[in-house]
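Trainee: You'll find input-v9.tsv just under this line, and it carries TSV, C-alpha atoms.
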```tsv
chain	number	residue	atom	x	y	z
I	1	MET	CA	21.62	-4.53	14.13
I	2	HIS	CA	18.19	-2.95	13.76
I	3	ILE	CA	18.13	0.67	12.55
I	4	LEU	CA	15.26	3.11	12.86
I	5	ILE	CA	15.28	5.51	9.91
I	6	ALA	CA	13.48	8.66	11.07
I	7	PRO	CA	14.33	11.70	8.92
I	8	ASN	CA	12.49	14.94	8.36
I	9	ALA	CA	12.00	16.34	4.86
I	10	PHE	CA	14.93	17.98	3.09
I	11	LYS	CA	13.34	21.32	2.25
I	12	ASN	CA	12.91	22.15	-1.44
I	13	SER	CA	14.21	18.70	-2.35
I	14	LEU	CA	12.73	15.48	-0.94
I	15	ASN	CA	9.82	14.80	1.40
I	16	ALA	CA	10.46	12.77	4.54
I	17	SER	CA	9.32	9.47	3.02
I	18	ALA	CA	11.62	9.90	0.02
I	19	VAL	CA	14.53	10.76	2.32
I	20	ALA	CA	13.87	7.63	4.38
I	21	LYS	CA	13.85	5.44	1.27
I	22	ALA	CA	17.11	6.97	0.03
I	23	ILE	CA	18.70	6.18	3.38
I	24	GLY	CA	17.38	2.63	3.24
I	25	GLU	CA	18.81	2.20	-0.24
I	26	GLY	CA	22.22	3.24	1.05
I	27	LEU	CA	22.06	0.64	3.81
I	28	LEU	CA	21.06	-2.06	1.31
I	29	GLN	CA	24.03	-1.17	-0.88
I	30	SER	CA	26.43	-1.32	2.07
I	31	LYS	CA	28.16	-4.34	3.62
I	32	LEU	CA	26.27	-3.92	6.90
I	33	ASP	CA	24.18	-6.87	8.08
I	34	CYS	CA	21.13	-5.06	9.42
I	35	SER	CA	17.38	-4.72	9.42
I	36	PHE	CA	15.66	-1.36	9.38
I	37	GLU	CA	12.30	0.36	9.71
I	38	TYR	CA	11.15	3.51	7.92
I	39	PHE	CA	9.66	6.12	10.24
I	40	PRO	CA	9.60	9.45	8.35
I	41	ILE	CA	8.77	12.37	10.64
I	42	GLY	CA	7.22	15.82	10.54
I	43	ASP	CA	7.45	18.69	13.00
I	44	GLY	CA	4.48	20.70	11.76
I	45	GLY	CA	6.06	21.69	8.47
I	46	ASP	CA	5.06	20.70	4.94
I	47	GLY	CA	4.08	17.05	4.68
I	48	THR	CA	3.44	16.47	8.38
I	49	ALA	CA	-0.31	16.06	7.95
I	50	GLU	CA	0.15	13.44	5.24
I	51	LEU	CA	2.39	11.38	7.54
I	52	ILE	CA	-0.14	11.58	10.38
I	53	ILE	CA	-2.96	10.52	8.07
I	54	GLN	CA	-0.91	7.57	6.82
I	55	LYS	CA	0.05	6.45	10.34
I	56	HIS	CA	-3.62	6.46	11.39
I	57	ASN	CA	-4.92	4.86	8.19
I	58	GLY	CA	-7.04	7.94	7.58
I	59	THR	CA	-9.00	9.01	4.53
I	60	VAL	CA	-8.38	12.06	2.36
I	61	ILE	CA	-11.15	14.53	1.54
I	62	ASN	CA	-10.76	16.74	-1.54
I	63	VAL	CA	-12.49	20.13	-1.66
I	64	GLU	CA	-12.36	23.42	-3.55
I	65	VAL	CA	-11.02	26.42	-1.64
I	66	ASN	CA	-9.20	29.70	-2.27
I	67	ASP	CA	-5.43	29.89	-2.34
I	68	ALA	CA	-3.51	32.64	-0.55
I	69	LEU	CA	-4.32	35.10	-3.35
I	70	GLY	CA	-8.02	34.22	-3.59
I	71	ARG	CA	-7.92	31.89	-6.59
I	72	LYS	CA	-9.93	28.68	-6.64
I	73	ILE	CA	-7.84	25.53	-6.18
I	74	ASN	CA	-8.33	21.92	-5.18
I	75	ALA	CA	-7.06	21.13	-1.71
I	76	SER	CA	-7.46	18.30	0.78
I	77	PHE	CA	-7.50	17.33	4.44
I	78	GLY	CA	-7.55	14.03	6.28
I	79	LEU	CA	-10.02	12.29	8.51
I	80	THR	CA	-8.93	9.90	11.28
I	81	GLY	CA	-10.43	8.60	14.50
I	82	GLU	CA	-13.58	7.17	12.92
I	83	GLY	CA	-14.12	10.44	11.09
I	84	LYS	CA	-14.14	12.62	14.19
I	85	THR	CA	-10.63	14.08	13.84
I	86	ALA	CA	-9.57	16.26	10.91
I	87	VAL	CA	-5.88	16.64	10.04
I	88	ILE	CA	-5.39	19.90	8.18
I	89	GLU	CA	-2.20	21.23	6.61
I	90	LEU	CA	-2.21	24.97	6.10
I	91	ALA	CA	0.15	24.68	3.13
I	92	LYS	CA	-2.48	22.72	1.17
I	93	ALA	CA	-4.58	25.89	0.82
I	94	SER	CA	-2.37	28.80	1.85
I	95	GLY	CA	1.09	27.49	1.09
I	96	ILE	CA	4.04	29.25	-0.46
I	97	GLN	CA	4.64	26.34	-2.81
I	98	LEU	CA	1.29	27.07	-4.48
I	99	LEU	CA	2.55	30.46	-5.70
I	100	GLN	CA	5.12	31.47	-8.27
I	101	PRO	CA	8.06	33.47	-6.87
I	102	PHE	CA	6.83	36.64	-8.57
I	103	GLU	CA	3.40	36.23	-6.95
I	104	LEU	CA	4.60	36.33	-3.35
I	105	ASN	CA	2.87	39.21	-1.59
I	106	PRO	CA	2.39	38.78	2.17
I	107	LEU	CA	0.65	42.16	2.48
I	108	HIS	CA	-2.29	40.69	0.60
I	109	ALA	CA	-1.89	36.91	0.93
I	110	THR	CA	-4.34	35.40	3.44
I	111	THR	CA	-5.17	32.13	5.15
I	112	TYR	CA	-8.84	32.34	4.13
I	113	GLY	CA	-8.61	29.06	2.20
I	114	THR	CA	-7.37	27.24	5.29
I	115	GLY	CA	-10.42	28.56	7.10
I	116	GLU	CA	-12.52	27.04	4.33
I	117	LEU	CA	-10.84	23.67	4.95
I	118	ILE	CA	-11.75	23.99	8.64
I	119	ASN	CA	-15.33	24.83	7.71
I	120	HIS	CA	-15.58	21.75	5.49
I	121	ALA	CA	-14.27	19.61	8.35
I	122	LEU	CA	-16.83	21.07	10.76
I	123	ASN	CA	-19.60	20.35	8.26
I	124	ILE	CA	-18.58	16.69	8.27
I	125	GLY	CA	-18.98	16.66	12.04
I	126	VAL	CA	-15.45	16.52	13.44
I	127	ASN	CA	-14.90	17.41	17.08
I	128	LYS	CA	-11.10	17.61	16.92
I	129	ILE	CA	-8.74	19.27	14.47
I	130	ILE	CA	-4.98	18.78	14.25
I	131	MET	CA	-3.37	21.58	12.24
I	132	CYS	CA	0.10	21.57	10.74
I	133	ILE	CA	1.00	25.14	9.86
I	134	GLY	CA	4.44	25.14	8.22
I	135	GLY	CA	5.03	26.36	4.68
I	136	SER	CA	2.58	29.26	4.60
I	137	ALA	CA	2.73	32.16	2.13
I	138	THR	CA	1.09	34.45	4.68
I	139	VAL	CA	1.73	36.87	7.53
I	140	ASP	CA	-1.89	37.64	8.41
I	141	GLY	CA	-2.09	36.62	12.06
I	142	GLY	CA	-4.73	34.04	11.17
I	143	THR	CA	-7.23	36.76	10.24
I	144	GLY	CA	-8.03	35.01	6.96
I	145	ILE	CA	-9.01	31.83	8.79
I	146	LEU	CA	-11.08	33.85	11.27
I	147	GLN	CA	-12.84	35.63	8.38
I	148	ALA	CA	-13.74	32.32	6.78
I	149	LEU	CA	-15.23	31.24	10.11
I	150	GLY	CA	-17.44	34.32	10.31
I	151	ALA	CA	-15.37	36.99	12.07
I	152	HIS	CA	-15.43	40.53	10.68
I	153	PHE	CA	-12.68	43.11	11.03
I	154	ILE	CA	-14.16	46.60	11.21
I	155	ASN	CA	-12.68	50.07	10.62
I	156	HIS	CA	-13.63	53.37	12.26
I	157	GLU	CA	-16.37	53.93	9.64
I	158	ASN	CA	-17.95	50.62	10.68
I	159	GLU	CA	-16.94	49.07	7.36
I	160	ILE	CA	-15.66	45.53	6.97
I	161	LEU	CA	-11.98	45.42	6.05
I	162	THR	CA	-11.33	43.25	3.01
I	163	GLY	CA	-7.70	43.91	2.04
I	164	LEU	CA	-6.10	41.88	4.79
I	165	PRO	CA	-3.60	41.82	6.27
I	166	ALA	CA	-2.48	45.23	4.97
I	167	ASP	CA	-5.75	46.93	5.99
I	168	LEU	CA	-5.37	45.79	9.60
I	169	GLU	CA	-3.64	49.13	10.16
I	170	ASN	CA	-7.17	50.60	9.99
I	171	LEU	CA	-8.70	48.09	12.41
I	172	ALA	CA	-11.04	49.54	15.03
I	173	ALA	CA	-13.07	46.52	16.20
I	174	ILE	CA	-13.45	42.76	15.79
I	175	ASP	CA	-17.03	41.57	15.28
I	176	LEU	CA	-17.51	37.96	16.41
I	177	SER	CA	-21.32	37.97	16.34
I	178	GLY	CA	-21.32	35.74	13.25
I	179	PHE	CA	-18.39	33.56	14.30
I	180	ASP	CA	-18.97	29.83	13.85
I	181	LYS	CA	-19.74	28.60	17.36
I	182	ARG	CA	-18.93	25.03	16.36
I	183	MET	CA	-15.29	26.06	16.42
I	184	LEU	CA	-15.46	26.76	20.14
I	185	ASN	CA	-16.73	23.24	20.79
I	186	CYS	CA	-14.02	21.64	18.69
I	187	GLU	CA	-10.61	20.77	20.13
I	188	LEU	CA	-7.95	22.50	18.04
I	189	ILE	CA	-4.31	21.44	18.31
I	190	ILE	CA	-1.70	23.34	16.30
I	191	LEU	CA	1.69	21.76	15.64
I	192	CYS	CA	4.34	24.49	15.63
I	193	ASP	CA	7.89	24.13	14.34
I	194	VAL	CA	9.17	27.49	15.58
I	195	GLU	CA	8.98	29.17	19.00
I	196	ASN	CA	8.87	32.79	17.77
I	197	LYS	CA	6.28	35.16	19.18
I	198	LEU	CA	4.00	37.40	17.14
I	199	LEU	CA	5.82	40.75	17.24
I	200	GLY	CA	9.27	42.24	17.56
I	201	GLU	CA	12.74	41.47	16.26
I	202	THR	CA	12.08	37.72	16.21
I	203	GLY	CA	8.40	38.03	15.31
I	204	SER	CA	6.28	37.01	12.34
I	205	ALA	CA	6.91	40.01	10.12
I	206	LYS	CA	10.62	40.55	10.65
I	207	ILE	CA	11.72	36.93	10.60
I	208	PHE	CA	9.28	35.26	8.25
I	209	GLY	CA	8.09	38.17	6.10
I	210	PRO	CA	11.22	38.30	3.90
I	211	GLN	CA	11.02	34.53	3.37
I	212	LYS	CA	7.57	35.07	1.89
I	213	GLY	CA	8.48	37.92	-0.42
I	214	ALA	CA	8.22	40.97	1.85
I	215	THR	CA	10.46	43.94	1.14
I	216	ALA	CA	11.91	46.00	3.98
I	217	ASP	CA	9.00	48.44	3.62
I	218	ASP	CA	6.51	45.55	3.56
I	219	VAL	CA	7.97	44.21	6.80
I	220	LYS	CA	7.34	47.55	8.51
I	221	LYS	CA	3.74	47.59	7.27
I	222	LEU	CA	3.15	43.99	8.36
I	223	GLU	CA	4.59	44.69	11.80
I	224	SER	CA	2.31	47.72	12.10
I	225	ALA	CA	-0.72	45.74	10.94
I	226	LEU	CA	-0.10	42.87	13.35
I	227	THR	CA	0.55	45.33	16.17
I	228	LYS	CA	-2.82	46.97	15.55
I	229	PHE	CA	-4.46	43.53	15.50
I	230	ARG	CA	-2.80	42.75	18.84
I	231	ASP	CA	-3.85	46.10	20.33
I	232	ILE	CA	-7.53	45.79	19.36
I	233	ALA	CA	-7.65	42.14	20.41
I	234	LEU	CA	-6.06	43.01	23.76
I	235	HIS	CA	-8.61	45.77	24.31
I	236	GLU	CA	-11.54	43.45	23.49
I	237	THR	CA	-10.37	40.23	25.15
I	238	GLY	CA	-7.89	41.26	27.82
I	239	THR	CA	-5.28	38.83	26.41
I	240	ASP	CA	-2.05	39.94	24.78
I	241	MET	CA	-1.34	37.79	21.71
I	242	ALA	CA	2.22	39.08	21.61
I	243	THR	CA	3.12	37.11	24.75
I	244	ILE	CA	2.10	33.70	23.41
I	245	LYS	CA	4.94	31.21	22.87
I	246	TYR	CA	4.81	29.80	19.32
I	247	GLY	CA	2.43	32.66	18.45
I	248	GLY	CA	4.54	33.85	15.52
I	249	ALA	CA	4.36	30.50	13.71
I	250	ALA	CA	2.93	30.60	10.18
I	251	GLY	CA	2.90	34.38	10.09
I	252	GLY	CA	1.00	34.69	13.37
I	253	VAL	CA	-1.68	32.08	12.65
I	254	ALA	CA	-0.82	30.36	15.92
I	255	ALA	CA	-1.41	33.53	17.96
I	256	GLY	CA	-4.71	34.39	16.28
I	257	LEU	CA	-6.17	30.91	16.64
I	258	SER	CA	-4.90	30.51	20.17
I	259	LEU	CA	-6.79	33.63	21.23
I	260	PHE	CA	-10.01	33.34	19.22
I	261	CYS	CA	-10.38	29.55	18.83
I	262	ASN	CA	-8.86	28.39	22.13
I	263	ALA	CA	-6.26	26.47	20.15
I	264	SER	CA	-3.58	24.51	21.98
I	265	LEU	CA	-0.15	25.37	20.59
I	266	VAL	CA	2.25	22.45	20.91
I	267	ASN	CA	5.78	21.55	19.95
I	268	GLY	CA	5.24	19.98	16.56
I	269	ILE	CA	7.78	17.16	16.61
I	270	ASP	CA	7.00	16.10	20.18
I	271	HIS	CA	3.28	15.87	19.45
I	272	PHE	CA	3.90	14.07	16.15
I	273	LEU	CA	6.10	11.45	17.77
I	274	THR	CA	3.55	10.89	20.51
I	275	ILE	CA	0.48	10.43	18.31
I	276	THR	CA	2.33	8.19	15.82
I	277	ALA	CA	3.66	5.75	18.47
I	278	PHE	CA	7.30	6.55	17.76
I	279	ASP	CA	8.45	5.17	21.11
I	280	GLU	CA	7.16	1.71	20.19
I	281	ALA	CA	9.35	1.70	17.08
I	282	LEU	CA	12.25	3.11	19.08
I	283	GLN	CA	12.19	0.22	21.54
I	284	LYS	CA	13.33	-2.18	18.82
I	285	ALA	CA	16.19	0.01	17.57
I	286	ASP	CA	19.93	-0.38	18.13
I	287	LEU	CA	20.68	2.78	16.14
I	288	VAL	CA	18.69	5.78	14.86
I	289	ILE	CA	19.42	7.69	11.68
I	290	THR	CA	17.70	11.06	11.35
I	291	GLY	CA	18.26	14.24	9.42
I	292	GLU	CA	16.96	17.19	7.42
I	293	GLY	CA	18.28	19.85	5.08
I	294	ALA	CA	20.42	21.51	7.75
I	295	ILE	CA	21.34	20.48	11.27
I	296	ASP	CA	22.73	23.36	13.31
I	297	ALA	CA	22.10	25.33	16.49
I	298	GLN	CA	18.55	26.12	15.34
I	299	THR	CA	17.79	22.39	15.26
I	300	LEU	CA	17.80	22.37	19.06
I	301	HIS	CA	14.84	24.80	19.11
I	302	GLY	CA	12.29	22.08	18.48
I	303	LYS	CA	13.11	20.85	14.97
I	304	GLY	CA	12.36	17.29	13.91
I	305	PRO	CA	15.81	15.66	14.24
I	306	TYR	CA	16.20	17.11	17.72
I	307	GLY	CA	12.91	15.57	18.84
I	308	VAL	CA	14.00	12.19	17.49
I	309	ALA	CA	17.47	12.42	19.03
I	310	LEU	CA	16.09	13.52	22.39
I	311	ARG	CA	13.88	10.45	22.68
I	312	ALA	CA	16.62	8.13	21.47
I	313	LYS	CA	19.09	9.53	23.99
I	314	GLU	CA	16.60	8.96	26.80
I	315	LYS	CA	16.88	5.24	25.93
I	316	ASN	CA	20.67	5.37	25.39
I	317	ILE	CA	20.31	4.62	21.68
I	318	PRO	CA	23.02	6.18	19.50
I	319	VAL	CA	21.98	8.70	16.85
I	320	ILE	CA	23.51	9.58	13.50
I	321	GLY	CA	22.37	12.88	12.03
I	322	ILE	CA	22.76	13.49	8.29
I	323	ALA	CA	22.03	16.73	6.49
I	324	GLY	CA	22.87	18.81	3.48
I	325	LYS	CA	24.66	21.18	5.82
I	326	VAL	CA	26.16	20.72	9.29
I	327	PRO	CA	28.42	23.04	11.35
I	328	PHE	CA	32.05	23.08	10.30
I	329	GLU	CA	33.18	23.43	13.90
I	330	THR	CA	32.21	21.03	16.67
I	331	ASP	CA	29.10	22.13	18.56
I	332	SER	CA	29.06	20.72	22.07
I	333	ASN	CA	25.33	21.25	22.41
I	334	LEU	CA	24.60	19.25	19.27
I	335	GLN	CA	27.00	16.55	20.47
I	336	LYS	CA	24.74	15.92	23.45
I	337	TYR	CA	22.09	14.53	21.12
I	338	PHE	CA	23.89	13.40	17.95
I	339	ASN	CA	26.75	10.92	18.25
I	340	VAL	CA	27.80	11.74	14.70
I	341	LEU	CA	26.83	14.54	12.30
I	342	ILE	CA	27.57	14.01	8.62
I	343	ALA	CA	27.03	16.31	5.65
I	344	ILE	CA	25.96	14.56	2.45
I	345	ASN	CA	27.61	17.14	0.18
I	346	HIS	CA	31.35	16.59	-0.35
I	347	GLU	CA	32.10	19.22	-2.94
I	348	PRO	CA	31.37	23.00	-3.08
I	349	PHE	CA	28.28	22.66	-5.27
I	350	GLU	CA	25.89	25.47	-6.04
I	351	ILE	CA	22.82	25.10	-3.81
I	352	SER	CA	20.60	24.29	-6.80
I	353	VAL	CA	22.91	21.44	-7.81
I	354	ALA	CA	23.09	20.11	-4.25
I	355	ILE	CA	19.29	20.11	-3.98
I	356	LYS	CA	18.95	18.32	-7.32
I	357	ASN	CA	21.38	15.60	-6.21
I	358	THR	CA	19.98	15.09	-2.70
I	359	LYS	CA	18.74	11.54	-3.25
I	360	GLU	CA	21.99	10.32	-4.77
I	361	ASN	CA	24.08	12.09	-2.12
I	362	LEU	CA	21.99	10.61	0.67
I	363	THR	CA	22.30	7.09	-0.65
I	364	ARG	CA	26.04	7.38	-1.26
I	365	THR	CA	26.67	8.84	2.21
I	366	VAL	CA	24.60	6.20	3.99
I	367	LYS	CA	26.32	3.41	2.04
I	368	THR	CA	29.59	4.73	3.45
I	369	ILE	CA	28.08	4.86	6.95
I	370	GLY	CA	26.90	1.26	6.57
I	371	ASP	CA	30.31	0.10	5.38
I	372	LEU	CA	31.99	1.80	8.35
I	373	LEU	CA	29.53	0.23	10.76
I	374	ALA	CA	30.14	-3.17	9.16
I	375	LEU	CA	33.92	-2.69	9.50
I	376	ASN	CA	33.52	-1.68	13.13
I	377	THR	CA	31.33	-4.71	13.82
I	378	LYS	CA	33.86	-7.01	12.20
I	379	ALA	CA	36.75	-5.45	14.11
I	380	ALA	CA	34.97	-5.60	17.49
I	381	PRO	CA	36.24	-8.41	19.77
I	382	SER	CA	33.84	-11.32	20.12
```
Give the structure from this file in structure tokens form.
Mentor:
Amino acid sequence: MHILIAPNAFKNSLNASAVAKAIGEGLLQSKLDCSFEYFPIGDGGDGTAELIIQKHNGTVINVEVNDALGRKINASFGLTGEGKTAVIELAKASGIQLLQPFELNPLHATTYGTGELINHALNIGVNKIIMCIGGSATVDGGTGILQALGAHFINHENEILTGLPADLENLAAIDLSGFDKRMLNCELIILCDVENKLLGETGSAKIFGPQKGATADDVKKLESALTKFRDIALHETGTDMATIKYGGAAGGVAAGLSLFCNASLVNGIDHFLTITAFDEALQKADLVITGEGAIDAQTLHGKGPYGVALRAKEKNIPVIGIAGKVPFETDSNLQKYFNVLIAINHEPFEISVAIKNTKENLTRTVKTIGDLLALNTKAAPS
């Protein structure tokens, strides 16, 4: 039996590569006679860019940029395709993991540093940029990136707004006269891991704002600020950012860059699997093991394990999904893609304890899976 091990990261615990290795260790400890291949995946969230760079044997460029609160930090991006394609992860410059919990402030956190990464890539001479935008600390509609590329956001007194995104409520015009024209001649592909649009009950502010430290009052202000941004942009371009699928990803970065940089917004896991030749690895597999921190109804809205399972099912390859948390009751929709769903936590641990023990729980669970598969193989008639 040949097994393809293709997990996503377990958020706040292990990255995808570490998860894959823990699964492999469980198989090695089991009685199952098998071979396996590691194929850690990313759907646009934290760590996706690193996996793409590794798969393409790219190089890493280190530069100094601003973090989400305007402090100088060291960040990096990758170069692939003979140096003509940059792979940029927003979280490297504007990520929530770069801030302490008490520092979270989406009314004033911006993506300016990510724009600086883009500028560095353009200076090197790239003509294509792949952006992974999960894990941001921001809800600025991409205005920080646009600022770094030369756009100015103007109030009614013809003054440049500096306190973004909060000051977007005072926006009167968007000045693109100094915008970096190289950006318009550069193919920009953004890997999105959520389908939310920019505004409304499922939009950037209301869904993602609280995750990034926004209070209920902050959420109202962010919604108002992004609405004003949409209104002025609609007046000046004729395009409504609020209608763009995936536009709410990364606090609205996807919508802003789609409109002003002609970015292509794509399903993150589908694009990742395509550009990393996942199907070639899949052809050799008799079984796929995938997983992430939680597998539930939301998984079917474009998350990594769903993308893996979908492709495996198209080739009639069985799929085992493992996660820290799975639904207690049977979900017929999940059953269409996952032959078996298994939670790695067997006792009612506190979440902090469960996260700490993820590696051990993964390995133990997969050893049990391997032993069961070995028993089934032995019991099968010859």
Trainee: Find the residue from I:Arg364, I:His156, I:Lys128, I:Lys92 that sits nearest to I:Thr111; use all atoms listed in the file when measuring.
Mentor: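 Checking each candidate against I:Thr111, we get I:Lys92 as the closest.
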Trainee: Skipping near chain neighbours, those fewer than 4 positions away, what residues fall within 9 Å of I:Cys186 using only C-alpha atoms, listed as a ChimeraX atom specification?
Mentor: /I:122,126-129,182,261
Trainee: Just C-alpha atoms for this one: save the residues we selected as an mmCIF file, keeping the file's coordinate frame.
Mentor:
```
data_model
loop_
_atom_site.group_PDB
_atom_site.id
_atom_site.type_symbol
_atom_site.label_atom_id
_atom_site.label_comp_id
_atom_site.auth_asym_id
_atom_site.auth_seq_id
_atom_site.Cartn_x
_atom_site.Cartn_y
_atom_site.Cartn_z
ATOM 1 C CA LEU I 122 -16.830 21.070 10.760
ATOM 2 C CA VAL I 126 -15.450 16.520 13.440
ATOM 3 C CA ASN I 127 -14.900 17.410 17.080
ATOM 4 C CA LYS I 128 -11.100 17.610 16.920
ATOM 5 C CA ILE I 129 -8.740 19.270 14.470
ATOM 6 C CA ARG I 182 -18.930 25.030 16.360
ATOM 7 C CA CYS I 261 -10.380 29.550 18.830
#
```
Trainee: For atom CA of I:Asp371 and atom CA of I:Leu341, quote the distance in Å rounded to one decimal.
Mentor: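 A separation of 16.4 Å between them.
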Trainee: Separation of atom CA of I:Leu259 and atom CA of I:Thr274, in Å?
Mentor: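 Between atom CA of I:Leu259 and atom CA of I:Thr274 the gap works out to 25.0 Å.
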Trainee: May I have the protein, DNA and RNA residues with any atom at most 10 Å from the point (-7.1, 43.7, 19.2), counting all atoms listed in the file, written as a ChimeraX atom specification?
Mentor: /I:153,168,171-174,226-241
Trainee: Report, in Å with one decimal, the straight-line distance from atom CA of I:Leu184 to atom CA of I:Thr143.
Mentor: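 Taking atom CA of I:Leu184 and atom CA of I:Thr143, their separation equals 16.3 Å.
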Trainee: Determine, counting all atoms listed in the file, which protein, DNA and RNA residues have an atom within 12 Å of an atom of I:Asp270; residues of the same chain fewer than 5 positions away are not included. Present the result as a list in words.
Mentor: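 Near I:Asp270, the qualifying residues are Ile41, Gly42, Asp43, Gly44, Ile190, Leu191, Cys192, Asp193, Leu265, Ile275, Thr276, Ala277, Phe278, Asp279, His301, Gly302, Lys303, Gly304, Pro305, Tyr306, Gly307, Val308, Ala309, Leu310 and Arg311 of chain I.
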Trainee: Pick out the closest residue to I:Met183 from this set: I:Gly134, I:Gly144, I:Gly125, I:Gly26. Count all atoms listed in the file.
Mentor: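 For I:Met183, the nearest of the candidates is I:Gly125.
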Trainee: For I:Leu14, which of I:Asn267, I:Asn196, I:Thr363, I:Thr358 is the closest residue, counting only C-alpha atoms?
Mentor: I:Thr358
Trainee: I want to know what sits within 9 Å of stretch 286-296 of chain I, based on all atoms listed in the file, with residues of the same chain fewer than 6 positions away left out; could you give that as JSON, numbers by chain?
Mentor: {"I": [1, 2, 3, 4, 5, 6, 7, 8, 9, 10, 11, 12, 13, 16, 19, 20, 23, 40, 304, 305, 306, 308, 309, 312, 317, 318, 319, 320, 321, 322, 323, 324, 325, 326, 327, 331, 334, 341, 343]}
Trainee: Using all atoms listed in the file, which of I:Glu360, I:Asp46, I:Asp140, I:Asp33 sits nearest I:Gly256?
Mentor: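 For I:Gly256, the nearest of the given residues is I:Asp140.
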Trainee: Of the candidates I:Gln54, I:Asn15, I:Asn155, I:Thr48, which one gets nearest to I:Phe272 if we count all atoms listed in the file?
Mentor: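 Closest to I:Phe272 of all the choices is I:Thr48.
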Trainee: Can you tell me, as a VMD selection string, what residues are no more than 12 Å from I:Gly150 when counting all atoms listed in the file, ignoring any on the same chain fewer than 3 positions away?
Mentor: chain I and resid 112 115 to 116 118 to 119 143 to 147 153 160 174 to 183 260
Trainee: Produce the centre coordinates and the three edge lengths, each in Å to one decimal, of the box along x, y and z that contains all listed atoms of stretch 273-279 of chain I with 4 Å added on each side, as JSON.
Mentor:
```
{"center_x": 4.5, "center_y": 8.3, "center_z": 18.5, "size_x": 16.0, "size_y": 14.3, "size_z": 13.3}
```
Trainee: Using all atoms listed in the file, which of I:Gly163, I:Gly113, I:Gly247, I:Gly141 sits nearest I:Ser264?
Mentor: I:Gly247
Trainee: Neighbours of I:Lys72 within 12 Å (only C-alpha atoms; same-chain residues fewer than 3 positions away dropped), as a PyMOL selection string?
Mentor: chain I and resi 63-69+75+93-94+98+112-113+116
